[in-house]
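Q: Just coords-v7.txt, nothing more (compact mmCIF, N, CA and C atoms):
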# COMPACT_ATOMS: atom_id res chain seq x y z
N MET A 1 156.73 -41.27 178.25
CA MET A 1 155.94 -40.79 177.14
C MET A 1 154.82 -41.79 176.85
N ALA A 2 153.62 -41.34 176.76
CA ALA A 2 152.48 -42.21 176.49
C ALA A 2 152.41 -42.56 175.01
N SER A 3 151.80 -43.70 174.74
CA SER A 3 151.64 -44.14 173.35
C SER A 3 150.46 -43.43 172.71
N ASN A 4 150.54 -43.27 171.41
CA ASN A 4 149.52 -42.62 170.62
C ASN A 4 148.41 -43.62 170.31
N LYS A 5 147.16 -43.21 170.50
CA LYS A 5 146.02 -44.10 170.22
C LYS A 5 145.97 -44.51 168.74
N ASP A 6 146.47 -43.65 167.85
CA ASP A 6 146.50 -43.98 166.42
C ASP A 6 147.43 -45.17 166.16
N TYR A 7 148.53 -45.25 166.90
CA TYR A 7 149.46 -46.38 166.75
C TYR A 7 148.76 -47.66 167.19
N LEU A 8 148.06 -47.61 168.32
CA LEU A 8 147.30 -48.76 168.80
C LEU A 8 146.28 -49.19 167.75
N THR A 9 145.55 -48.25 167.20
CA THR A 9 144.53 -48.55 166.19
C THR A 9 145.15 -49.23 164.98
N PHE A 10 146.31 -48.75 164.54
CA PHE A 10 146.99 -49.35 163.40
C PHE A 10 147.39 -50.80 163.69
N VAL A 11 147.97 -51.04 164.85
CA VAL A 11 148.38 -52.41 165.21
C VAL A 11 147.15 -53.32 165.30
N LEU A 12 146.07 -52.84 165.90
CA LEU A 12 144.86 -53.65 165.99
C LEU A 12 144.28 -53.96 164.61
N GLU A 13 144.36 -53.01 163.69
CA GLU A 13 143.90 -53.26 162.32
C GLU A 13 144.77 -54.33 161.66
N GLN A 14 146.06 -54.29 161.90
CA GLN A 14 146.97 -55.29 161.33
C GLN A 14 146.64 -56.68 161.86
N LEU A 15 146.12 -56.76 163.07
CA LEU A 15 145.81 -58.05 163.71
C LEU A 15 144.33 -58.43 163.55
N SER A 16 143.59 -57.70 162.75
CA SER A 16 142.14 -57.92 162.67
C SER A 16 141.74 -59.27 162.08
N ASP A 17 142.66 -59.99 161.45
CA ASP A 17 142.33 -61.33 160.95
C ASP A 17 142.25 -62.36 162.08
N LEU A 18 142.76 -62.01 163.25
CA LEU A 18 142.74 -62.92 164.40
C LEU A 18 141.50 -62.66 165.26
N ASP A 19 140.99 -63.73 165.84
CA ASP A 19 139.87 -63.60 166.77
C ASP A 19 140.40 -63.32 168.16
N ASP A 20 139.62 -62.60 168.92
CA ASP A 20 139.87 -62.39 170.34
C ASP A 20 141.16 -61.64 170.67
N ILE A 21 141.40 -60.56 169.95
CA ILE A 21 142.47 -59.62 170.30
C ILE A 21 141.82 -58.51 171.12
N SER A 22 142.40 -58.23 172.26
CA SER A 22 141.87 -57.14 173.09
C SER A 22 143.04 -56.38 173.71
N TYR A 23 142.71 -55.29 174.34
CA TYR A 23 143.76 -54.49 174.99
C TYR A 23 143.19 -53.83 176.23
N ARG A 24 144.10 -53.39 177.08
CA ARG A 24 143.71 -52.64 178.26
C ARG A 24 144.68 -51.47 178.41
N ALA A 25 144.13 -50.29 178.58
CA ALA A 25 144.97 -49.11 178.79
C ALA A 25 145.56 -49.19 180.19
N MET A 26 146.85 -48.87 180.27
CA MET A 26 147.53 -48.92 181.56
C MET A 26 148.56 -47.80 181.61
N MET A 27 148.25 -46.74 182.33
CA MET A 27 149.16 -45.62 182.54
C MET A 27 149.72 -45.06 181.22
N GLY A 28 148.85 -44.83 180.26
CA GLY A 28 149.26 -44.24 178.99
C GLY A 28 149.79 -45.23 177.97
N GLU A 29 149.88 -46.48 178.35
CA GLU A 29 150.35 -47.53 177.43
C GLU A 29 149.22 -48.55 177.27
N TYR A 30 149.45 -49.60 176.47
CA TYR A 30 148.40 -50.57 176.19
C TYR A 30 148.94 -51.99 176.30
N ILE A 31 148.29 -52.80 177.11
CA ILE A 31 148.64 -54.21 177.21
C ILE A 31 147.77 -54.96 176.20
N LEU A 32 148.40 -55.82 175.40
CA LEU A 32 147.67 -56.57 174.38
C LEU A 32 147.42 -58.00 174.84
N TYR A 33 146.21 -58.48 174.59
CA TYR A 33 145.82 -59.83 174.94
C TYR A 33 145.43 -60.58 173.67
N PHE A 34 145.77 -61.86 173.63
CA PHE A 34 145.34 -62.73 172.54
C PHE A 34 144.70 -63.95 173.18
N ARG A 35 143.42 -64.12 172.93
CA ARG A 35 142.65 -65.22 173.52
C ARG A 35 142.81 -65.25 175.05
N GLY A 36 142.81 -64.09 175.65
CA GLY A 36 142.84 -63.98 177.10
C GLY A 36 144.23 -63.99 177.73
N LYS A 37 145.26 -64.25 176.94
CA LYS A 37 146.62 -64.29 177.47
C LYS A 37 147.37 -63.01 177.09
N ILE A 38 148.18 -62.50 178.02
CA ILE A 38 148.98 -61.31 177.71
C ILE A 38 150.08 -61.73 176.74
N ILE A 39 150.12 -61.08 175.59
CA ILE A 39 151.11 -61.41 174.57
C ILE A 39 152.19 -60.33 174.48
N GLY A 40 151.86 -59.13 174.89
CA GLY A 40 152.81 -58.02 174.84
C GLY A 40 152.09 -56.72 175.08
N GLY A 41 152.59 -55.67 174.43
CA GLY A 41 151.94 -54.39 174.62
C GLY A 41 152.54 -53.33 173.73
N ILE A 42 151.94 -52.17 173.81
CA ILE A 42 152.43 -51.01 173.09
C ILE A 42 152.95 -50.03 174.13
N TYR A 43 154.23 -49.76 174.03
CA TYR A 43 154.92 -48.90 174.98
C TYR A 43 155.71 -47.86 174.20
N ASP A 44 155.45 -46.59 174.45
CA ASP A 44 156.13 -45.51 173.75
C ASP A 44 156.08 -45.70 172.23
N ASP A 45 154.91 -46.05 171.74
CA ASP A 45 154.68 -46.30 170.30
C ASP A 45 155.63 -47.35 169.73
N ARG A 46 155.86 -48.39 170.51
CA ARG A 46 156.62 -49.57 170.06
C ARG A 46 155.79 -50.80 170.40
N LEU A 47 155.71 -51.75 169.47
CA LEU A 47 155.06 -53.02 169.75
C LEU A 47 156.12 -53.96 170.32
N LEU A 48 155.92 -54.37 171.57
CA LEU A 48 156.83 -55.30 172.24
C LEU A 48 156.07 -56.55 172.61
N VAL A 49 156.70 -57.71 172.41
CA VAL A 49 156.07 -58.98 172.76
C VAL A 49 156.96 -59.75 173.73
N LYS A 50 156.34 -60.69 174.42
CA LYS A 50 157.09 -61.52 175.35
C LYS A 50 158.13 -62.34 174.59
N PRO A 51 159.30 -62.52 175.18
CA PRO A 51 160.38 -63.24 174.47
C PRO A 51 160.28 -64.77 174.61
N VAL A 52 159.19 -65.34 174.09
CA VAL A 52 159.05 -66.80 174.09
C VAL A 52 159.81 -67.36 172.90
N GLN A 53 160.10 -68.65 172.92
CA GLN A 53 160.97 -69.27 171.91
C GLN A 53 160.46 -69.08 170.48
N SER A 54 159.16 -69.19 170.28
CA SER A 54 158.64 -69.04 168.91
C SER A 54 158.85 -67.62 168.38
N ALA A 55 158.71 -66.63 169.24
CA ALA A 55 158.95 -65.24 168.82
C ALA A 55 160.42 -65.03 168.50
N ILE A 56 161.29 -65.59 169.32
CA ILE A 56 162.73 -65.47 169.09
C ILE A 56 163.09 -66.14 167.76
N SER A 57 162.48 -67.29 167.47
CA SER A 57 162.75 -68.00 166.22
C SER A 57 162.28 -67.22 165.00
N LEU A 58 161.12 -66.57 165.11
CA LEU A 58 160.59 -65.81 163.99
C LEU A 58 161.29 -64.46 163.80
N MET A 59 161.91 -63.95 164.87
CA MET A 59 162.60 -62.66 164.79
C MET A 59 164.00 -62.80 165.41
N PRO A 60 164.88 -63.57 164.77
CA PRO A 60 166.19 -63.86 165.37
C PRO A 60 167.08 -62.64 165.57
N THR A 61 166.83 -61.56 164.85
CA THR A 61 167.66 -60.37 165.00
C THR A 61 166.95 -59.26 165.78
N ALA A 62 165.80 -59.58 166.37
CA ALA A 62 165.05 -58.57 167.13
C ALA A 62 165.84 -58.09 168.33
N THR A 63 165.66 -56.83 168.66
CA THR A 63 166.33 -56.29 169.83
C THR A 63 165.44 -56.45 171.06
N TYR A 64 166.11 -56.60 172.19
CA TYR A 64 165.41 -56.67 173.47
C TYR A 64 165.34 -55.26 174.02
N GLU A 65 164.15 -54.86 174.43
CA GLU A 65 163.97 -53.52 174.96
C GLU A 65 163.10 -53.57 176.21
N LEU A 66 163.29 -52.58 177.06
CA LEU A 66 162.48 -52.46 178.26
C LEU A 66 161.21 -51.67 177.95
N PRO A 67 160.06 -52.22 178.31
CA PRO A 67 158.82 -51.46 178.08
C PRO A 67 158.77 -50.22 178.98
N TYR A 68 159.30 -50.34 180.18
CA TYR A 68 159.36 -49.23 181.13
C TYR A 68 160.41 -49.59 182.18
N GLU A 69 160.83 -48.61 182.93
CA GLU A 69 161.87 -48.80 183.94
C GLU A 69 161.48 -49.89 184.94
N GLY A 70 162.36 -50.85 185.15
CA GLY A 70 162.13 -51.90 186.12
C GLY A 70 161.40 -53.13 185.58
N ALA A 71 161.00 -53.11 184.32
CA ALA A 71 160.28 -54.23 183.73
C ALA A 71 161.26 -55.24 183.13
N LYS A 72 160.75 -56.42 182.81
CA LYS A 72 161.54 -57.43 182.10
C LYS A 72 161.64 -57.03 180.63
N GLU A 73 162.76 -57.41 180.02
CA GLU A 73 162.96 -57.11 178.60
C GLU A 73 161.95 -57.85 177.74
N MET A 74 161.58 -57.20 176.64
CA MET A 74 160.67 -57.78 175.67
C MET A 74 161.27 -57.61 174.29
N LEU A 75 160.72 -58.32 173.32
CA LEU A 75 161.21 -58.24 171.94
C LEU A 75 160.50 -57.12 171.19
N LEU A 76 161.27 -56.30 170.50
CA LEU A 76 160.71 -55.24 169.67
C LEU A 76 160.29 -55.82 168.33
N VAL A 77 159.03 -55.62 167.96
CA VAL A 77 158.52 -56.06 166.66
C VAL A 77 158.63 -54.87 165.72
N GLU A 78 159.52 -54.98 164.74
CA GLU A 78 159.73 -53.87 163.82
C GLU A 78 158.88 -53.98 162.57
N ASP A 79 158.50 -55.19 162.18
CA ASP A 79 157.78 -55.40 160.92
C ASP A 79 156.27 -55.31 161.13
N ILE A 80 155.80 -54.18 161.66
CA ILE A 80 154.37 -54.06 161.95
C ILE A 80 153.54 -53.79 160.70
N ASP A 81 154.19 -53.46 159.60
CA ASP A 81 153.45 -53.23 158.35
C ASP A 81 153.06 -54.54 157.66
N ASN A 82 153.64 -55.64 158.09
CA ASN A 82 153.39 -56.94 157.48
C ASN A 82 152.31 -57.68 158.28
N ARG A 83 151.07 -57.54 157.83
CA ARG A 83 149.92 -58.12 158.52
C ARG A 83 150.05 -59.64 158.68
N GLU A 84 150.46 -60.32 157.62
CA GLU A 84 150.59 -61.79 157.66
C GLU A 84 151.62 -62.21 158.70
N PHE A 85 152.76 -61.52 158.75
CA PHE A 85 153.79 -61.83 159.73
C PHE A 85 153.27 -61.63 161.15
N LEU A 86 152.61 -60.50 161.41
CA LEU A 86 152.11 -60.23 162.76
C LEU A 86 151.12 -61.29 163.22
N CYS A 87 150.20 -61.65 162.36
CA CYS A 87 149.21 -62.66 162.73
C CYS A 87 149.90 -64.01 162.99
N ASN A 88 150.85 -64.37 162.14
CA ASN A 88 151.59 -65.62 162.32
C ASN A 88 152.38 -65.59 163.63
N LEU A 89 152.98 -64.45 163.94
CA LEU A 89 153.73 -64.29 165.18
C LEU A 89 152.83 -64.55 166.39
N PHE A 90 151.68 -63.92 166.43
CA PHE A 90 150.77 -64.08 167.56
C PHE A 90 150.27 -65.52 167.66
N LEU A 91 149.92 -66.11 166.52
CA LEU A 91 149.44 -67.51 166.53
C LEU A 91 150.52 -68.46 167.03
N SER A 92 151.75 -68.26 166.61
CA SER A 92 152.83 -69.17 167.01
C SER A 92 153.18 -68.99 168.49
N MET A 93 153.01 -67.80 169.02
CA MET A 93 153.36 -67.54 170.42
C MET A 93 152.33 -68.06 171.40
N TYR A 94 151.09 -68.20 170.99
CA TYR A 94 149.97 -68.45 171.91
C TYR A 94 150.21 -69.62 172.86
N GLU A 95 150.60 -70.76 172.35
CA GLU A 95 150.75 -71.95 173.19
C GLU A 95 151.84 -71.80 174.25
N GLU A 96 152.83 -70.97 173.99
CA GLU A 96 153.93 -70.78 174.94
C GLU A 96 153.64 -69.75 176.02
N LEU A 97 152.58 -69.01 175.86
CA LEU A 97 152.25 -67.96 176.83
C LEU A 97 151.61 -68.57 178.08
N PRO A 98 151.93 -68.02 179.24
CA PRO A 98 151.33 -68.54 180.46
C PRO A 98 149.83 -68.26 180.50
N ALA A 99 149.12 -69.14 181.17
CA ALA A 99 147.68 -68.94 181.34
C ALA A 99 147.46 -67.71 182.22
N PRO A 100 146.33 -67.05 182.03
CA PRO A 100 146.04 -65.88 182.87
C PRO A 100 145.98 -66.28 184.34
N LYS A 101 146.45 -65.39 185.19
CA LYS A 101 146.40 -65.66 186.63
C LYS A 101 144.96 -65.53 187.11
N LYS A 102 144.61 -66.41 188.02
CA LYS A 102 143.26 -66.36 188.60
C LYS A 102 143.17 -65.14 189.50
N LYS A 103 142.07 -64.45 189.38
CA LYS A 103 141.86 -63.29 190.24
C LYS A 103 141.41 -63.76 191.61
N LYS A 104 141.98 -63.14 192.62
CA LYS A 104 141.61 -63.50 193.98
C LYS A 104 140.25 -62.91 194.28
N THR A 105 139.41 -63.74 194.86
CA THR A 105 138.10 -63.27 195.25
C THR A 105 138.08 -63.15 196.77
N THR A 106 137.53 -62.09 197.20
CA THR A 106 137.42 -61.89 198.66
C THR A 106 135.96 -62.00 199.04
N SER A 107 135.72 -62.76 200.05
CA SER A 107 134.34 -62.90 200.50
C SER A 107 134.13 -61.93 201.65
N LYS A 108 133.00 -61.27 201.59
CA LYS A 108 132.65 -60.32 202.65
C LYS A 108 131.77 -61.02 203.66
N LYS A 109 132.19 -60.95 204.89
CA LYS A 109 131.41 -61.62 205.94
C LYS A 109 130.98 -60.63 206.98
Could you rewrite the structure in this file as structure tokens?
A:
Amino acid sequence: MASNKDYLTFVLEQLSDLDDISYRAMMGEYILYFRGKIIGGIYDDRLLVKPVQSAISLMPTATYELPYEGAKEMLLVEDIDNREFLCNLFLSMYEELPAPKKKKTTSKK
């Protein structure tokens, strides 16, 4: 089931106090980026984030869910109505997120 664009818009509005939030549509779902790093995504109208230590600490009772079949488990963010919490969550997670992978460049000869 694809995610609703209205849900994406709501989450982005909740995060509007942060700089450099972006997303990319991927097969009916949305991958979320914060300052160029993948932080999570919207899957089946659920906000899921990577299970880094800071996220686990801020949401100790969060459930682990699969974004899609065959993927690694992620943390379900249930308190999406709390703008301050969401922004704090993303800020605290940033340093623990892996750097973006370098894109391979192919030279044509």
Q: Among segment 37-81 of chain A, which residues does DSSP mark as helix (DSSP H, G or I) when it is run on the backbone? Keep the chain and numbering as in the structure and answer as a list in words.
A: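 Here is the list: Gln53, Ser54, Ala55, Ile56, Ser57 and Leu58 of chain A.
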Q: Taking N, CA and C atoms for each residue, export the selection above as a PDB file, in the coordinates of the input.
A:
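Here's the written file part.pdb:
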ATOM      1  N   GLN A  53     160.100 -68.650 172.920  1.00  0.00           N
ATOM      2  CA  GLN A  53     160.970 -69.270 171.910  1.00  0.00           C
ATOM      3  C   GLN A  53     160.460 -69.080 170.480  1.00  0.00           C
ATOM      4  N   SER A  54     159.160 -69.190 170.280  1.00  0.00           N
ATOM      5  CA  SER A  54     158.640 -69.040 168.910  1.00  0.00           C
ATOM      6  C   SER A  54     158.850 -67.620 168.380  1.00  0.00           C
ATOM      7  N   ALA A  55     158.710 -66.630 169.240  1.00  0.00           N
ATOM      8  CA  ALA A  55     158.950 -65.240 168.820  1.00  0.00           C
ATOM      9  C   ALA A  55     160.420 -65.030 168.500  1.00  0.00           C
ATOM     10  N   ILE A  56     161.290 -65.590 169.320  1.00  0.00           N
ATOM     11  CA  ILE A  56     162.730 -65.470 169.090  1.00  0.00           C
ATOM     12  C   ILE A  56     163.090 -66.140 167.760  1.00  0.00           C
ATOM     13  N   SER A  57     162.480 -67.290 167.470  1.00  0.00           N
ATOM     14  CA  SER A  57     162.750 -68.000 166.220  1.00  0.00           C
ATOM     15  C   SER A  57     162.280 -67.220 165.000  1.00  0.00           C
ATOM     16  N   LEU A  58     161.120 -66.570 165.110  1.00  0.00           N
ATOM     17  CA  LEU A  58     160.590 -65.810 163.990  1.00  0.00           C
ATOM     18  C   LEU A  58     161.290 -64.460 163.800  1.00  0.00           C
TER      19      LEU A  58
END
Q: For Tyr94 of chain A, which residue out of A:Leu48, A:Tyr64, A:Leu75, A:Ile39 is the nearest one, using only N, CA and C atoms?
A: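 Once distances to Tyr94 of chain A are computed over only N, CA and C atoms, the minimum belongs to A:Ile39.
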Q: Using only C-alpha atoms for the distances, tell me which of A:Phe10, A:Tyr68, A:Phe85, A:Phe90 is nearest to Met27 of chain A.
A: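 That would be A:Tyr68, the residue with the smallest distance to Met27 of chain A.
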Q: For each of A:Ala71, A:Cys87, A:Ile21, A:Leu15, take the minimum atom-to-atom distance to Ile38 of chain A, counting only C-alpha atoms, then give the residue where this is smallest.
A: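 Closest residue, counting only C-alpha atoms: A:Ile21.
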Q: Name the residues of chain A that fall into strand (DSSP E) according to DSSP on the backbone, using the chain letters and numbers of this document, as a PyMOL selection string.
A: chain A and resi 21-26+29-34+37-43+46-49+64-65+74-77
Q: Which value, in Å to one decimal, gives the distance between atom C of Gly36 of chain A and atom CA of Glu73 of chain A?
A: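 Computed distance, atom C of Gly36 of chain A to atom CA of Glu73 of chain A, equals 20.0 Å.
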Q: So which one's closest to Asn4 of chain A, A:Leu89, A:Val52, A:Ala25, A:Leu32? Using only C-alpha atoms, please.
A: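 Closest to Asn4 of chain A, using only C-alpha atoms: A:Ala25.
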Q: For Ser22 of chain A, find every residue with an atom within 6.5 Å (counting only N, CA and C atoms), except residues of its own chain fewer than 5 positions away, and show them as a list in words.
A: Ile31, Leu32, Tyr33, Phe34 and Arg35 of chain A
Q: For each of A:Met26, A:Glu96, A:Lys104, A:Pro67, take the minimum atom-to-atom distance to Asp44 of chain A, counting only N, CA and C atoms, then give the residue where this is smallest.
A: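 Closest candidate: A:Pro67.
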Q: Which neighbours of Ala62 of chain A fall inside 8 Å, counting all atoms listed in the file, when residues of the same chain fewer than 3 positions from it are skipped, and could you give them as JSON, numbers by chain?
A: {"A": [55, 56, 58, 59, 65, 74, 75, 76, 77, 78]}
Q: Between atom CA of Pro60 of chain A and atom CA of Asp17 of chain A, measure the distance and give it in Å to one decimal.
A: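 These two atoms are separated by 24.4 Å.
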Q: Could you check which of A:Asp6, A:Glu13, A:Asp79, A:Glu29 is closest to Thr61 of chain A, using only C-alpha atoms?
A: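 Of A:Asp6, A:Glu13, A:Asp79, A:Glu29, the one nearest Thr61 of chain A, counting only C-alpha atoms, is A:Asp79.
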Q: Have a look at atom CA of Asp19 of chain A and atom N of Thr63 of chain A and let me know their distance in Å, one decimal.
A: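 Those two atoms sit 26.7 Å apart.
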Q: If I only have part of segment 76-96 of chain A, can you fill in N, CA, C and O atoms and write it as a JSON list (two decimals), keeping the file's coordinate frame?
A:
[["chain", "number", "residue", "atom", "x", "y", "z"],
["A", 76, "LEU", "N", 161.27, -56.30, 170.50],
["A", 76, "LEU", "CA", 160.71, -55.24, 169.67],
["A", 76, "LEU", "C", 160.29, -55.82, 168.33],
["A", 76, "LEU", "O", 161.09, -56.46, 167.64],
["A", 77, "VAL", "N", 159.03, -55.62, 167.96],
["A", 77, "VAL", "CA", 158.52, -56.06, 166.66],
["A", 77, "VAL", "C", 158.63, -54.87, 165.72],
["A", 77, "VAL", "O", 157.93, -53.87, 165.89],
["A", 78, "GLU", "N", 159.52, -54.98, 164.74],
["A", 78, "GLU", "CA", 159.73, -53.87, 163.82],
["A", 78, "GLU", "C", 158.88, -53.98, 162.57],
["A", 78, "GLU", "O", 158.54, -52.97, 161.96],
["A", 79, "ASP", "N", 158.50, -55.19, 162.18],
["A", 79, "ASP", "CA", 157.78, -55.40, 160.92],
["A", 79, "ASP", "C", 156.27, -55.31, 161.13],
["A", 79, "ASP", "O", 155.53, -56.23, 160.79],
["A", 80, "ILE", "N", 155.80, -54.18, 161.66],
["A", 80, "ILE", "CA", 154.37, -54.06, 161.95],
["A", 80, "ILE", "C", 153.54, -53.79, 160.70],
["A", 80, "ILE", "O", 152.32, -53.88, 160.75],
["A", 81, "ASP", "N", 154.19, -53.46, 159.60],
["A", 81, "ASP", "CA", 153.45, -53.23, 158.35],
["A", 81, "ASP", "C", 153.06, -54.54, 157.66],
["A", 81, "ASP", "O", 152.24, -54.52, 156.75],
["A", 82, "ASN", "N", 153.64, -55.64, 158.09],
["A", 82, "ASN", "CA", 153.39, -56.94, 157.48],
["A", 82, "ASN", "C", 152.31, -57.68, 158.28],
["A", 82, "ASN", "O", 152.58, -58.34, 159.27],
["A", 83, "ARG", "N", 151.07, -57.54, 157.83],
["A", 83, "ARG", "CA", 149.92, -58.12, 158.52],
["A", 83, "ARG", "C", 150.05, -59.64, 158.68],
["A", 83, "ARG", "O", 149.78, -60.18, 159.74],
["A", 84, "GLU", "N", 150.46, -60.32, 157.62],
["A", 84, "GLU", "CA", 150.59, -61.79, 157.66],
["A", 84, "GLU", "C", 151.62, -62.21, 158.70],
["A", 84, "GLU", "O", 151.41, -63.14, 159.47],
["A", 85, "PHE", "N", 152.76, -61.52, 158.75],
["A", 85, "PHE", "CA", 153.79, -61.83, 159.73],
["A", 85, "PHE", "C", 153.27, -61.63, 161.15],
["A", 85, "PHE", "O", 153.49, -62.48, 162.02],
["A", 86, "LEU", "N", 152.61, -60.50, 161.41],
["A", 86, "LEU", "CA", 152.11, -60.23, 162.76],
["A", 86, "LEU", "C", 151.12, -61.29, 163.22],
["A", 86, "LEU", "O", 151.20, -61.76, 164.35],
["A", 87, "CYS", "N", 150.20, -61.65, 162.36],
["A", 87, "CYS", "CA", 149.21, -62.66, 162.73],
["A", 87, "CYS", "C", 149.90, -64.01, 162.99],
["A", 87, "CYS", "O", 149.58, -64.70, 163.96],
["A", 88, "ASN", "N", 150.85, -64.37, 162.14],
["A", 88, "ASN", "CA", 151.59, -65.62, 162.32],
["A", 88, "ASN", "C", 152.38, -65.59, 163.63],
["A", 88, "ASN", "O", 152.45, -66.58, 164.35],
["A", 89, "LEU", "N", 152.98, -64.45, 163.94],
["A", 89, "LEU", "CA", 153.73, -64.29, 165.18],
["A", 89, "LEU", "C", 152.83, -64.55, 166.39],
["A", 89, "LEU", "O", 153.17, -65.35, 167.27],
["A", 90, "PHE", "N", 151.68, -63.92, 166.43],
["A", 90, "PHE", "CA", 150.77, -64.08, 167.56],
["A", 90, "PHE", "C", 150.27, -65.52, 167.66],
["A", 90, "PHE", "O", 150.20, -66.08, 168.75],
["A", 91, "LEU", "N", 149.92, -66.11, 166.52],
["A", 91, "LEU", "CA", 149.44, -67.51, 166.53],
["A", 91, "LEU", "C", 150.52, -68.46, 167.03],
["A", 91, "LEU", "O", 150.23, -69.38, 167.81],
["A", 92, "SER", "N", 151.75, -68.26, 166.61],
["A", 92, "SER", "CA", 152.83, -69.17, 167.01],
["A", 92, "SER", "C", 153.18, -68.99, 168.49],
["A", 92, "SER", "O", 153.60, -69.95, 169.14],
["A", 93, "MET", "N", 153.01, -67.80, 169.02],
["A", 93, "MET", "CA", 153.36, -67.54, 170.42],
["A", 93, "MET", "C", 152.33, -68.06, 171.40],
["A", 93, "MET", "O", 152.66, -68.36, 172.55],
["A", 94, "TYR", "N", 151.09, -68.20, 170.99],
["A", 94, "TYR", "CA", 149.97, -68.45, 171.91],
["A", 94, "TYR", "C", 150.21, -69.62, 172.86],
["A", 94, "TYR", "O", 150.02, -69.49, 174.07],
["A", 95, "GLU", "N", 150.60, -70.76, 172.35],
["A", 95, "GLU", "CA", 150.75, -71.95, 173.19],
["A", 95, "GLU", "C", 151.84, -71.80, 174.25],
["A", 95, "GLU", "O", 151.79, -72.44, 175.30],
["A", 96, "GLU", "N", 152.83, -70.97, 173.99],
["A", 96, "GLU", "CA", 153.93, -70.78, 174.94],
["A", 96, "GLU", "C", 153.64, -69.75, 176.02],
["A", 96, "GLU", "O", 154.38, -69.65, 177.00]]
